[in-house]
$ cat upload-v3.cif   # mmCIF, C-alpha atoms
data_coords
#
loop_
_atom_site.label_atom_id
_atom_site.label_comp_id
_atom_site.auth_asym_id
_atom_site.auth_seq_id
_atom_site.Cartn_x
_atom_site.Cartn_y
_atom_site.Cartn_z
CA MET O 682 137.71 117.64 101.64
CA PRO O 683 134.18 117.68 100.23
CA GLU O 684 132.69 121.10 99.79
CA GLU O 685 129.76 120.68 102.14
CA VAL O 686 132.04 119.53 104.93
CA MET O 687 134.29 122.51 104.48
CA SER O 688 131.33 124.84 104.67
CA LEU O 689 130.41 123.55 108.13
CA GLY O 690 132.75 126.08 109.67
CA ASN O 691 131.02 128.85 107.81
CA PRO O 692 129.28 131.13 110.30
CA ALA O 693 126.56 131.71 107.75
CA GLY O 694 125.59 128.12 108.44
CA GLN O 695 124.96 127.21 104.84
CA PHE O 696 125.79 123.55 105.16
CA ASN O 697 123.09 121.24 104.15
CA GLU O 698 121.82 119.15 107.03
CA GLU O 699 119.85 117.00 104.69
CA MET O 700 122.96 116.16 102.72
CA LEU O 701 124.88 115.42 105.92
CA ILE O 702 122.16 113.12 107.16
CA ARG O 703 122.04 111.29 103.86
CA ARG O 704 125.81 110.75 103.89
CA ILE O 705 125.75 109.59 107.49
CA ARG O 706 123.06 107.10 106.60
CA GLU O 707 125.22 105.89 103.74
CA GLY O 708 128.05 105.11 106.12
CA GLU O 709 130.04 108.32 106.62
CA HIS O 710 129.48 108.13 110.35
CA ASP O 711 132.18 110.65 111.24
CA LEU O 712 130.01 113.40 109.76
CA PHE O 713 127.64 112.94 112.68
CA TYR O 714 129.98 115.06 114.80
CA GLU O 715 129.43 117.93 112.41
CA LEU O 716 125.70 117.38 112.37
CA ILE O 717 125.25 117.66 116.12
CA ARG O 718 127.91 120.25 116.89
CA PRO O 719 125.54 123.24 116.59
CA TYR O 720 123.06 121.58 118.93
CA GLU O 721 125.26 120.26 121.72
CA ARG O 722 124.47 123.18 123.99
CA ARG O 723 120.76 122.89 123.37
CA VAL O 724 120.73 119.18 124.07
CA TYR O 725 122.50 119.72 127.38
CA SER O 726 120.26 122.67 128.21
CA ALA O 727 117.08 120.67 127.61
CA ALA O 728 118.32 117.77 129.73
CA LEU O 729 119.43 120.11 132.52
CA ALA O 730 116.11 121.92 132.62
CA ILE O 731 114.29 118.67 133.22
CA LEU O 732 116.77 116.87 135.47
CA ARG O 733 118.11 119.91 137.35
CA ASN O 734 121.40 118.18 137.95
CA GLU O 735 124.51 118.77 135.85
CA ALA O 736 125.91 115.23 135.99
CA ASP O 737 122.56 113.63 135.17
CA ALA O 738 121.98 116.18 132.42
CA GLU O 739 125.33 115.44 130.81
CA ASP O 740 124.73 111.71 130.92
CA ALA O 741 121.23 112.07 129.50
CA ALA O 742 122.50 114.42 126.80
CA GLN O 743 125.18 111.91 125.77
CA GLU O 744 122.67 109.10 125.72
CA ALA O 745 120.26 111.18 123.63
CA VAL O 746 122.95 111.95 121.07
CA LEU O 747 123.91 108.27 120.88
CA LYS O 748 120.28 107.36 120.32
CA ALA O 749 119.99 109.97 117.59
CA PHE O 750 123.02 108.43 115.90
CA LYS O 751 121.72 104.90 116.20
CA HIS O 752 118.29 105.85 114.89
CA ILE O 753 119.28 108.40 112.28
CA ARG O 754 117.48 106.31 109.67
CA GLN O 755 114.22 106.92 111.47
CA PHE O 756 114.53 110.68 111.15
CA ARG O 757 111.94 112.02 108.75
CA ALA O 758 112.86 115.00 106.63
CA GLU O 759 109.58 116.77 107.27
CA ALA O 760 110.74 117.59 110.81
CA ARG O 761 113.68 119.75 111.75
CA PHE O 762 116.66 117.71 112.88
CA SER O 763 117.08 119.99 115.90
CA THR O 764 113.47 119.39 116.96
CA TRP O 765 113.88 115.65 116.55
CA LEU O 766 117.08 115.72 118.60
CA ILE O 767 115.46 117.77 121.36
CA GLN O 768 112.49 115.40 121.42
CA ILE O 769 114.84 112.47 121.94
CA THR O 770 116.61 114.40 124.68
CA VAL O 771 113.37 115.29 126.45
CA ASN O 772 112.22 111.68 126.30
CA GLU O 773 115.54 110.46 127.66
CA ALA O 774 115.53 113.01 130.49
CA ARG O 775 111.91 112.31 131.40
CA MET O 776 112.54 108.58 131.44
CA ARG O 777 115.47 109.03 133.79
CA LYS O 778 113.49 111.35 135.98
CA ARG O 779 110.67 108.87 136.26
CA LYS O 780 113.09 106.08 137.15
CA GLU O 781 115.25 107.93 139.60
CA HIS O 782 112.82 110.30 141.25
CA ALA O 783 109.64 108.31 141.26
CA HIS O 784 109.53 108.45 145.03
CA MET O 785 109.85 112.22 145.28
CA ILE O 786 106.91 114.43 146.12
CA GLU O 787 105.95 116.97 143.50
CA PRO O 788 106.73 120.60 144.29
CA ILE O 789 103.92 122.65 145.71
CA VAL O 790 103.69 124.72 142.53
CA ASP O 791 102.55 121.59 140.67
CA ARG O 792 99.45 121.41 142.78
CA GLN O 793 98.16 124.69 141.48
CA ASP O 794 95.12 124.52 139.32
CA GLU O 795 96.45 124.65 135.78
CA GLU O 796 93.26 126.07 134.37
CA GLY O 797 92.83 128.70 137.06
CA ASN O 798 93.82 132.27 136.49
CA TYR O 799 97.22 133.34 137.66
CA THR O 800 97.42 136.67 139.37
CA PRO O 801 100.76 138.41 139.12
CA ARG O 802 102.15 139.22 142.53
CA ASP O 803 104.28 142.17 141.66
CA PHE O 804 103.23 145.29 139.84
CA ALA O 805 106.27 147.45 140.36
CA ASP O 806 107.66 149.09 137.30
CA TRP O 807 109.77 146.46 135.70
CA ARG O 808 113.32 147.47 135.43
CA GLU O 809 114.52 145.42 132.55
CA ILE O 810 117.34 142.99 133.14
CA PRO O 811 119.68 143.52 130.20
CA SER O 812 120.87 140.45 128.36
CA GLU O 813 124.47 141.57 128.90
CA THR O 814 124.14 140.60 132.54
CA LEU O 815 123.95 136.96 131.44
CA ALA O 816 127.71 137.14 131.17
CA ARG O 817 127.71 137.13 134.96
CA LYS O 818 127.55 133.72 136.50
CA GLU O 819 125.58 135.06 139.45
CA VAL O 820 122.77 136.24 137.19
CA ARG O 821 122.68 132.96 135.28
CA GLN O 822 122.51 131.11 138.54
CA ARG O 823 119.57 133.20 139.74
CA LEU O 824 117.70 132.58 136.54
CA ALA O 825 118.45 128.87 136.67
CA GLU O 826 117.21 128.67 140.25
CA ALA O 827 114.02 130.49 139.42
CA LEU O 828 113.42 128.08 136.54
CA ALA O 829 114.23 125.07 138.69
CA SER O 830 111.67 126.17 141.26
CA LEU O 831 108.83 125.84 138.75
CA GLY O 832 106.76 122.71 138.71
CA GLU O 833 107.86 120.18 136.13
CA LYS O 834 104.94 120.59 133.77
CA TYR O 835 105.47 124.34 133.57
CA ARG O 836 109.22 124.04 133.33
CA GLU O 837 109.08 121.54 130.47
CA VAL O 838 106.79 123.71 128.37
CA PHE O 839 108.78 126.86 129.09
CA VAL O 840 112.07 125.18 128.25
CA LEU O 841 110.87 123.78 124.96
CA ARG O 842 109.08 126.90 123.79
CA ASP O 843 111.14 129.76 125.20
CA MET O 844 114.58 128.22 125.52
CA GLN O 845 114.63 125.63 122.76
CA HIS O 846 112.42 127.73 120.51
CA LEU O 847 110.17 124.88 119.46
CA SER O 848 106.79 125.93 118.10
CA ILE O 849 103.66 125.53 120.20
CA GLU O 850 102.74 122.51 118.08
CA GLU O 851 106.20 120.94 118.36
CA THR O 852 106.15 121.47 122.11
CA ALA O 853 102.74 119.84 122.38
CA LYS O 854 103.87 116.88 120.28
CA THR O 855 107.08 116.42 122.24
CA LEU O 856 105.30 116.42 125.58
CA GLY O 857 102.24 114.54 124.40
CA ILE O 858 99.81 117.26 125.44
CA THR O 859 97.40 119.54 123.60
CA THR O 860 98.36 122.92 122.20
CA ALA O 861 95.78 124.45 124.53
CA SER O 862 97.62 122.95 127.51
CA VAL O 863 100.93 124.24 126.16
CA LYS O 864 99.51 127.76 125.97
CA THR O 865 98.01 127.62 129.45
CA ARG O 866 101.17 126.26 131.03
CA LEU O 867 103.34 128.65 129.09
CA LEU O 868 101.38 131.63 130.33
CA ARG O 869 101.65 130.47 133.90
CA ALA O 870 105.35 129.64 133.60
CA ARG O 871 106.16 133.04 132.17
CA LEU O 872 104.16 134.92 134.78
CA MET O 873 105.61 132.86 137.62
CA LEU O 874 109.14 133.47 136.41
CA ARG O 875 108.42 137.13 136.09
CA ASP O 876 107.23 137.21 139.67
CA LEU O 877 110.24 135.26 140.84
CA LEU O 878 112.58 137.66 139.10
CA ALA O 879 110.64 140.87 139.70
CA PRO O 880 113.04 143.36 141.26
CA GLY O 881 110.40 144.61 143.62
CA LEU O 882 109.82 141.21 145.07
CA GLY O 883 113.38 140.65 146.25
CA GLY O 884 112.49 138.38 149.11
CA ASN O 885 111.45 135.57 146.80
CA TRP O 886 115.06 134.81 146.15
CA ASN O 887 116.53 132.14 148.31
CA SER O 888 117.87 133.77 151.48
CA LYS O 889 121.30 132.18 151.07
CA LEU O 890 121.78 134.02 147.82
CA SER O 891 124.15 136.91 147.97
CA PHE O 892 121.91 139.63 146.69
CA ALA O 893 118.66 140.46 148.32
CA LYS O 894 116.41 143.48 148.11
CA GLY O 895 118.23 146.54 146.96
CA THR O 896 121.37 144.70 145.85
CA LYS O 897 120.35 143.53 142.42
CA PRO O 898 123.11 142.31 140.19
CA TRP O 899 121.91 144.26 137.19
CA MET I 1400 85.81 146.19 123.18
CA VAL I 1401 87.07 146.93 126.67
CA VAL I 1402 89.16 144.48 128.66
CA ASN I 1403 90.05 144.48 132.34
CA CYS I 1404 93.37 143.57 134.00
CA GLU I 1405 92.50 139.91 134.54
CA GLN I 1406 91.61 139.48 130.90
CA VAL I 1407 94.90 141.07 129.94
CA TRP I 1408 96.91 138.72 132.16
CA ARG I 1409 95.09 135.75 130.72
CA GLU I 1410 96.01 136.81 127.20
CA ILE I 1411 99.44 138.30 127.79
CA SER I 1412 101.30 135.19 126.66
CA ASN I 1413 99.24 134.87 123.49
CA TYR I 1414 99.69 138.61 122.95
CA LEU I 1415 103.46 138.19 123.02
CA GLU I 1416 103.20 135.17 120.71
CA GLY I 1417 101.18 137.22 118.24
CA ASP I 1418 98.50 134.57 118.60
CA ILE I 1419 95.53 136.82 119.18
CA GLU I 1420 92.64 138.27 117.21
CA PRO I 1421 93.08 141.83 115.93
CA GLY I 1422 90.07 143.13 117.91
CA LEU I 1423 91.33 141.73 121.19
CA ARG I 1424 94.84 142.94 120.46
CA ALA I 1425 93.61 146.47 119.94
CA ALA I 1426 91.60 146.34 123.18
CA ILE I 1427 94.62 145.06 125.13
CA GLU I 1428 96.86 147.74 123.69
CA GLU I 1429 94.32 150.32 124.65
CA HIS I 1430 94.33 148.89 128.19
CA PHE I 1431 98.14 149.08 128.38
CA ARG I 1432 98.00 152.78 127.60
CA GLY I 1433 96.12 153.41 130.80
CA CYS I 1434 97.38 150.66 133.15
CA LYS I 1435 100.88 150.81 134.58
CA HIS I 1436 100.48 147.49 136.37
CA CYS I 1437 99.68 145.57 133.25
CA THR I 1438 102.44 147.36 131.37
CA ALA I 1439 104.84 146.25 134.12
CA VAL I 1440 103.62 142.67 133.75
CA LEU I 1441 103.99 142.84 129.97
CA ASP I 1442 107.51 144.27 130.10
CA GLY I 1443 108.58 141.78 132.72
CA THR I 1444 107.19 138.81 130.84
CA ARG I 1445 108.84 139.96 127.65
CA ASN I 1446 112.12 140.32 129.54
CA VAL I 1447 111.78 136.79 130.92
CA ILE I 1448 111.36 135.41 127.41
CA GLN I 1449 114.31 137.40 126.15
CA LEU I 1450 116.63 136.35 128.95
CA TYR I 1451 115.84 132.66 128.96
CA GLY I 1452 115.86 132.53 125.17
CA ASP I 1453 119.47 133.69 125.15
CA GLU I 1454 121.80 130.75 124.65
CA ARG I 1455 124.25 132.23 127.15
CA MET I 1456 121.68 131.41 129.79
CA VAL I 1457 122.95 127.85 130.08
CA GLU I 1458 126.57 127.23 130.87
CA VAL I 1459 127.75 123.97 129.41
CA PRO I 1460 130.21 122.14 131.70
CA LEU I 1461 133.85 122.37 130.75
CA GLY I 1462 134.84 119.44 128.54
CA PHE I 1463 131.23 118.51 127.74
CA SER I 1464 131.78 118.48 124.00
CA HIS I 1465 135.00 116.49 124.30
CA ARG I 1466 133.38 113.85 126.50
CA LEU I 1467 130.39 113.65 124.19
CA HIS I 1468 132.58 113.09 121.14
CA ARG I 1469 134.66 110.50 122.97
CA ARG I 1470 131.55 108.55 123.87
CA LEU I 1471 130.33 108.77 120.30
CA GLU I 1472 133.70 107.52 119.07
CA GLU I 1473 133.55 104.57 121.44
CA ASN I 1474 130.06 103.80 120.26
CA MET I 1475 130.99 104.04 116.59
CA ALA I 1476 134.08 101.89 117.17
CA SER I 1477 132.07 99.17 118.89
CA GLY I 1478 129.53 99.46 116.11
CA ARG I 1479 132.28 98.97 113.55
CA ARG I 1480 133.63 95.98 115.49
CA SER I 1481 130.26 94.34 115.67
CA PHE I 1482 129.62 95.22 112.03
CA LEU I 1483 132.97 93.68 111.09
CA GLY I 1484 132.09 90.61 113.12
CA TRP I 1485 128.75 90.47 111.43
CA MET I 1486 130.39 90.82 108.03
CA VAL I 1487 132.84 87.99 108.78
CA ALA I 1488 130.01 85.77 109.96
CA ALA I 1489 127.88 86.73 106.97
CA ALA I 1490 130.75 86.07 104.58
CA ALA I 1491 131.36 82.67 106.15
CA ALA I 1492 127.66 81.86 105.91
CA ILE I 1493 127.59 82.94 102.28
CA LEU I 1494 130.63 80.77 101.51
CA VAL I 1495 129.09 77.74 103.19
CA ALA I 1496 125.69 78.32 101.63
CA GLY I 1497 127.29 79.15 98.31
CA GLY I 1498 129.34 76.00 98.38
CA PHE I 1499 126.29 73.96 99.20
CA GLU I 1500 124.26 75.70 96.53
CA MET I 1501 127.02 75.23 93.97
CA GLY I 1502 127.23 71.58 94.82
CA ARG I 1503 123.52 71.26 94.69
CA SER I 1504 123.11 73.17 91.48
CA SER I 1505 125.84 71.13 89.86
CA VAL I 1506 123.90 68.02 90.73
CA PHE I 1507 120.84 69.57 89.21
CA SER I 1508 122.67 70.66 86.13
CA HIS I 1509 124.78 67.66 85.49
CA PRO I 1510 123.50 64.62 87.31
CA GLU I 1511 125.11 61.37 86.38
CA LEU I 1512 122.02 59.66 85.28
CA ARG I 1513 121.71 56.00 85.88
CA SER I 1514 120.38 55.68 82.39
CA GLU I 1515 122.39 57.48 79.75
CA HIS I 1516 119.22 58.14 77.74
CA ALA I 1517 117.03 59.49 80.50
CA GLN I 1518 116.30 63.16 80.88
CA PRO I 1519 117.25 65.00 84.05
CA GLY I 1520 114.39 65.88 86.35
CA SER I 1521 115.11 69.57 86.55
CA GLY I 1522 111.41 70.41 86.37
CA VAL I 1523 110.53 68.44 89.49
CA PRO I 1524 110.20 70.42 92.74
CA PRO I 1525 113.40 69.59 94.70
CA ASP I 1526 111.54 69.09 97.97
CA MET I 1527 108.93 66.78 96.56
CA THR I 1528 108.85 63.38 98.19
CA VAL I 1529 109.49 60.65 95.65
CA VAL I 1530 110.09 56.94 95.64
CA VAL I 1531 113.08 55.10 94.19
CA SER I 1532 114.04 51.44 94.13
CA GLY I 1533 117.47 49.94 94.48
CA GLU I 1534 117.70 48.54 91.00
CA GLY I 1535 115.60 51.14 89.22
CA LYS I 1536 116.72 54.10 87.13
CA THR I 1537 113.75 56.42 87.67
CA PHE I 1538 111.99 58.02 90.56
CA HIS I 1539 108.25 58.01 91.03
CA VAL I 1540 105.32 59.40 92.88
CA ALA I 1541 104.40 56.90 95.57
CA GLY I 1542 101.88 54.43 94.21
CA CYS I 1543 102.98 54.72 90.62
CA PRO I 1544 102.18 51.35 88.97
CA PHE I 1545 105.39 51.50 86.97
CA ILE I 1546 107.67 51.06 89.94
CA HIS I 1547 109.84 47.98 89.76
CA ASP I 1548 111.43 46.15 92.63
CA LYS I 1549 108.78 47.29 95.10
CA ALA I 1550 110.47 45.35 97.89
CA ARG I 1551 113.45 47.74 98.00
CA LEU I 1552 111.75 51.10 97.85
CA ARG I 1553 113.18 54.19 99.44
CA THR I 1554 111.35 57.47 100.00
CA ILE I 1555 113.59 60.48 99.48
CA ALA I 1556 113.45 64.06 98.27
CA ALA I 1557 113.45 64.63 94.55
CA ARG I 1558 116.75 66.54 94.80
CA GLU I 1559 118.38 63.51 96.41
CA ALA I 1560 116.96 61.22 93.77
CA ILE I 1561 118.34 63.44 91.06
CA ARG I 1562 121.67 63.69 92.85
CA GLU I 1563 121.83 59.92 92.89
CA GLY I 1564 121.21 59.79 89.16
CA TYR I 1565 117.57 58.83 89.08
CA ALA I 1566 115.48 60.29 86.25
CA PRO I 1567 111.79 61.19 86.56
CA CYS I 1568 109.25 58.61 85.53
CA VAL I 1569 107.73 59.85 82.30
CA ARG I 1570 104.34 58.68 83.46
CA CYS I 1571 103.82 59.75 87.00
CA MET I 1572 106.09 62.81 86.64
CA ARG I 1573 104.55 63.82 83.34
CA LYS I 1574 103.25 67.16 84.53
CA TYR I 1575 106.77 68.24 85.54
CA LEU I 1576 108.36 67.37 82.27
CA SER I 1577 108.35 69.43 79.16
CA ALA I 1578 106.74 68.03 76.08
CA SER I 1579 110.10 67.29 74.55
CA LEU I 1580 111.02 65.09 77.46
CA ILE I 1581 107.94 62.99 77.11
CA SER I 1582 109.07 61.35 74.02
CA PRO I 1583 109.12 57.76 73.02
CA SER I 1584 112.90 57.75 73.31
CA ALA I 1585 112.69 58.99 76.88
CA SER I 1586 110.04 56.52 77.82
CA ALA I 1587 111.98 53.75 76.19
CA ASP I 1588 114.64 53.93 78.85
CA SER I 1589 112.18 54.23 81.61
CA GLU I 1590 111.74 51.19 83.70
CA ALA I 1591 108.07 51.79 83.21
CA GLN I 1592 106.45 49.25 81.11
CA VAL I 1593 104.64 51.36 78.57
CA SER I 1594 102.70 48.50 77.35
CA GLY I 1595 99.41 49.64 78.70
CA SER I 1596 97.74 52.98 79.21
CA GLY I 1597 98.69 53.21 82.80
CA ASN I 1598 97.17 55.86 84.92
CA PRO I 1599 99.80 56.87 87.46
CA ASN I 1600 98.51 57.92 90.78
CA LEU I 1601 99.69 61.54 90.79
CA GLU I 1602 99.82 62.72 94.30
#
$ encode --input "upload-v3.cif" --output "structure tokens"
Amino acid sequence: MPEEVMSLGNPAGQFNEEMLIRRIREGEHDLFYELIRPYERRVYSAALAILRNEADAEDAAQEAVLKAFKHIRQFRAEARFSTWLIQITVNEARMRKRKEHAHMIEPIVDRQDEEGNYTPRDFADWREIPSETLARKEVRQRLAEALASLGEKYREVFVLRDMQHLSIEETAKTLGITTASVKTRLLRARLMLRDLLAPGLGGNWNSKLSFAKGTKPW
Amino acid sequence: MVVNCEQVWREISNYLEGDIEPGLRAAIEEHFRGCKHCTAVLDGTRNVIQLYGDERMVEVPLGFSHRLHRRLEENMASGRRSFLGWMVAAAAAILVAGGFEMGRSSVFSHPELRSEHAQPGSGVPPDMTVVVSGEGKTFHVAGCPFIHDKARLRTIAAREAIREGYAPCVRCMRKYLSASLISPSASADSEAQVSGSGNPNLE
């Protein structure tokens, strides 16, 4: 087995993406599995954040990966492969959303003035939610619901910057907006999520959820 | 520089990004030292970024990777099938075209000239329209005064004329022939009557 393929299992992640891409382009198509393996979760995550439906997200993620494979020759080395892949995924998810949900009314949050100042609603001492609690499905679900409640334009920016770790510039390019808009939306998204998750607020959680004020899962 | 709470909220995201001027950063940090509310907002926002940035945040459905790979395999397999089909078609096309080209080039290389002394017209553009007569041995530009048997003229492509064994007229096809071909011996076998200083109508 070629050396660079063997090194793919190396946790240090020293395999050369560029080399992989070159070999895939030259016809070693099976190496594409290795190329996308580290990004499968991110692709699904990006699609889910936009579509907010697991089945749709999986389908969009698959389609995005297929498109990446078909158009691997169009990938330019000056970009990161992961960024390129996420951009394809975002485009695929947005296209589906436009097609399937064109008739839906935008959430109320979307009507807020993007340029206006956002005033935090909760000033209680923040009791940090430790990352370890993410192991609990209930916590993940609460976070996912809070994210899903954001308006699309805030959610997209937040997902690309804070979950997919794209740069401000990459986020702007992917969404076709200015970096100034990315920053404004990012600020609002972060503050809104903070308010939604603020322990002192409690009541902002959906009433059907199992923990309300005073019964925080962390 | 002194900043108030609203200014801090407006800049809190940039502050966390490190995308802020040193003077403003110092003023905001000074504000945090005396404002519990803003400190709470800062800590909470930082926590939000930390939590959502954790890859455990998103639970991938069971079997996602397997289904993805299966779909990729199907796609690659269909790609290979269509590629194979394309290759077969391309190979067939190459064989047909190759056969035609071989046949054609053999005609160009070794035409059975109607006159054993004539020179092959390999310098004549194959698609050029030329005129031949039933009894003649050479092909001409239309209007060439050296055409015999004008009653039985045919207009064909030069390649066809060559295939049929016609040689180029040394007069009207002069510009396509090398100097060596325009020799008295070549013209001797031409049906052209070289008696006069004809001026072929070169089209």
$ residues_around --input "upload-v3.cif" --residues "O:Ile769" --least-positions-apart "2" --cutoff "10 Å" --atoms "all atoms listed in the file" --output "short mmCIF file (atom, residue, chain, number, x, y, z; two decimals) with C-alpha atoms, keeping the file's coordinate frame"
data_model
loop_
_atom_site.label_atom_id
_atom_site.label_comp_id
_atom_site.auth_asym_id
_atom_site.auth_seq_id
_atom_site.Cartn_x
_atom_site.Cartn_y
_atom_site.Cartn_z
CA VAL O 724 120.73 119.18 124.07
CA ALA O 741 121.23 112.07 129.50
CA ALA O 742 122.50 114.42 126.80
CA GLU O 744 122.67 109.10 125.72
CA ALA O 745 120.26 111.18 123.63
CA VAL O 746 122.95 111.95 121.07
CA LYS O 748 120.28 107.36 120.32
CA ALA O 749 119.99 109.97 117.59
CA SER O 763 117.08 119.99 115.90
CA THR O 764 113.47 119.39 116.96
CA TRP O 765 113.88 115.65 116.55
CA LEU O 766 117.08 115.72 118.60
CA ILE O 767 115.46 117.77 121.36
CA VAL O 771 113.37 115.29 126.45
CA ASN O 772 112.22 111.68 126.30
CA GLU O 773 115.54 110.46 127.66
CA ALA O 774 115.53 113.01 130.49
CA ARG O 775 111.91 112.31 131.40
CA THR O 855 107.08 116.42 122.24
#
$ atom_distance --input "upload-v3.cif" --atom1 "atom CA of I:Tyr1414" --atom2 "atom CA of O:Ala730"
25.3 Å
$ residues_around --input "upload-v3.cif" --residues "I:Gln1406" --least-positions-apart "5" --cutoff "10 Å" --atoms "only C-alpha atoms" --output "ChimeraX atom specification"
/O:798 /I:1401,1411,1423,1427
$ write_last_selection --input "upload-v3.cif" --atoms "C-alpha atoms" --output "PDB file, keeping the file's coordinate frame"
ATOM      1  CA  ASN O 798      93.820 132.270 136.490  1.00  0.00           C
TER       2      ASN O 798
ATOM      3  CA  VAL I1401      87.070 146.930 126.670  1.00  0.00           C
ATOM      4  CA  ILE I1411      99.440 138.300 127.790  1.00  0.00           C
ATOM      5  CA  LEU I1423      91.330 141.730 121.190  1.00  0.00           C
ATOM      6  CA  ILE I1427      94.620 145.060 125.130  1.00  0.00           C
TER       7      ILE I1427
END
$ resolve_selection --input "upload-v3.cif" --expression "the PyMOL selection byres ((chain O and resi 714) around 10)" --output "tab-separated table (two decimals) with C-alpha atoms, in the coordinates of the input"
chain	number	residue	atom	x	y	z
O	710	HIS	CA	129.48	108.13	110.35
O	711	ASP	CA	132.18	110.65	111.24
O	712	LEU	CA	130.01	113.40	109.76
O	713	PHE	CA	127.64	112.94	112.68
O	715	GLU	CA	129.43	117.93	112.41
O	716	LEU	CA	125.70	117.38	112.37
O	717	ILE	CA	125.25	117.66	116.12
O	718	ARG	CA	127.91	120.25	116.89
O	719	PRO	CA	125.54	123.24	116.59
O	721	GLU	CA	125.26	120.26	121.72
O	746	VAL	CA	122.95	111.95	121.07
O	750	PHE	CA	123.02	108.43	115.90
I	1464	SER	CA	131.78	118.48	124.00
I	1467	LEU	CA	130.39	113.65	124.19
I	1468	HIS	CA	132.58	113.09	121.14
I	1471	LEU	CA	130.33	108.77	120.30
I	1472	GLU	CA	133.70	107.52	119.07
$ interface_residues --input "upload-v3.cif" --of "chain I" --to "chain O" --cutoff "9 Å" --atoms "all atoms listed in the file" --output "number ranges by chain"
I: 1405, 1408-1413, 1435-1460, 1463-1464, 1466-1468, 1470-1472, 1474-1475
$ resolve_selection --input "upload-v3.cif" --expression "the PyMOL selection byres ((chain I and resi 1555) around 10)" --output "mmCIF file with C-alpha atoms, in the coordinates of the input"
data_model
loop_
_atom_site.group_PDB
_atom_site.id
_atom_site.type_symbol
_atom_site.label_atom_id
_atom_site.label_comp_id
_atom_site.auth_asym_id
_atom_site.auth_seq_id
_atom_site.Cartn_x
_atom_site.Cartn_y
_atom_site.Cartn_z
ATOM 1 C CA ASP I 1526 111.540 69.090 97.970
ATOM 2 C CA MET I 1527 108.930 66.780 96.560
ATOM 3 C CA THR I 1528 108.850 63.380 98.190
ATOM 4 C CA VAL I 1529 109.490 60.650 95.650
ATOM 5 C CA VAL I 1530 110.090 56.940 95.640
ATOM 6 C CA VAL I 1531 113.080 55.100 94.190
ATOM 7 C CA PHE I 1538 111.990 58.020 90.560
ATOM 8 C CA LEU I 1552 111.750 51.100 97.850
ATOM 9 C CA ARG I 1553 113.180 54.190 99.440
ATOM 10 C CA THR I 1554 111.350 57.470 100.000
ATOM 11 C CA ALA I 1556 113.450 64.060 98.270
ATOM 12 C CA ALA I 1557 113.450 64.630 94.550
ATOM 13 C CA ARG I 1558 116.750 66.540 94.800
ATOM 14 C CA GLU I 1559 118.380 63.510 96.410
ATOM 15 C CA ALA I 1560 116.960 61.220 93.770
#
$ atom_distance --input "upload-v3.cif" --atom1 "atom CA of O:Ala758" --atom2 "atom CA of O:Lys854"
16.5 Å
$ atom_distance --input "upload-v3.cif" --atom1 "atom CA of O:Gln755" --atom2 "atom CA of O:Glu709"
16.6 Å
$ closest_residue --input "upload-v3.cif" --among "O:Val838, O:Ala728, O:Leu847, O:Ile705" --to "O:Ala760" --atoms "all atoms listed in the file"
O:Leu847
$ resolve_selection --input "upload-v3.cif" --expression "the PyMOL selection byres ((chain I and resi 1575) around 6)" --output "list in words"
Gly1522, Val1523, Met1572, Arg1573, Lys1574 and Leu1576 of chain I
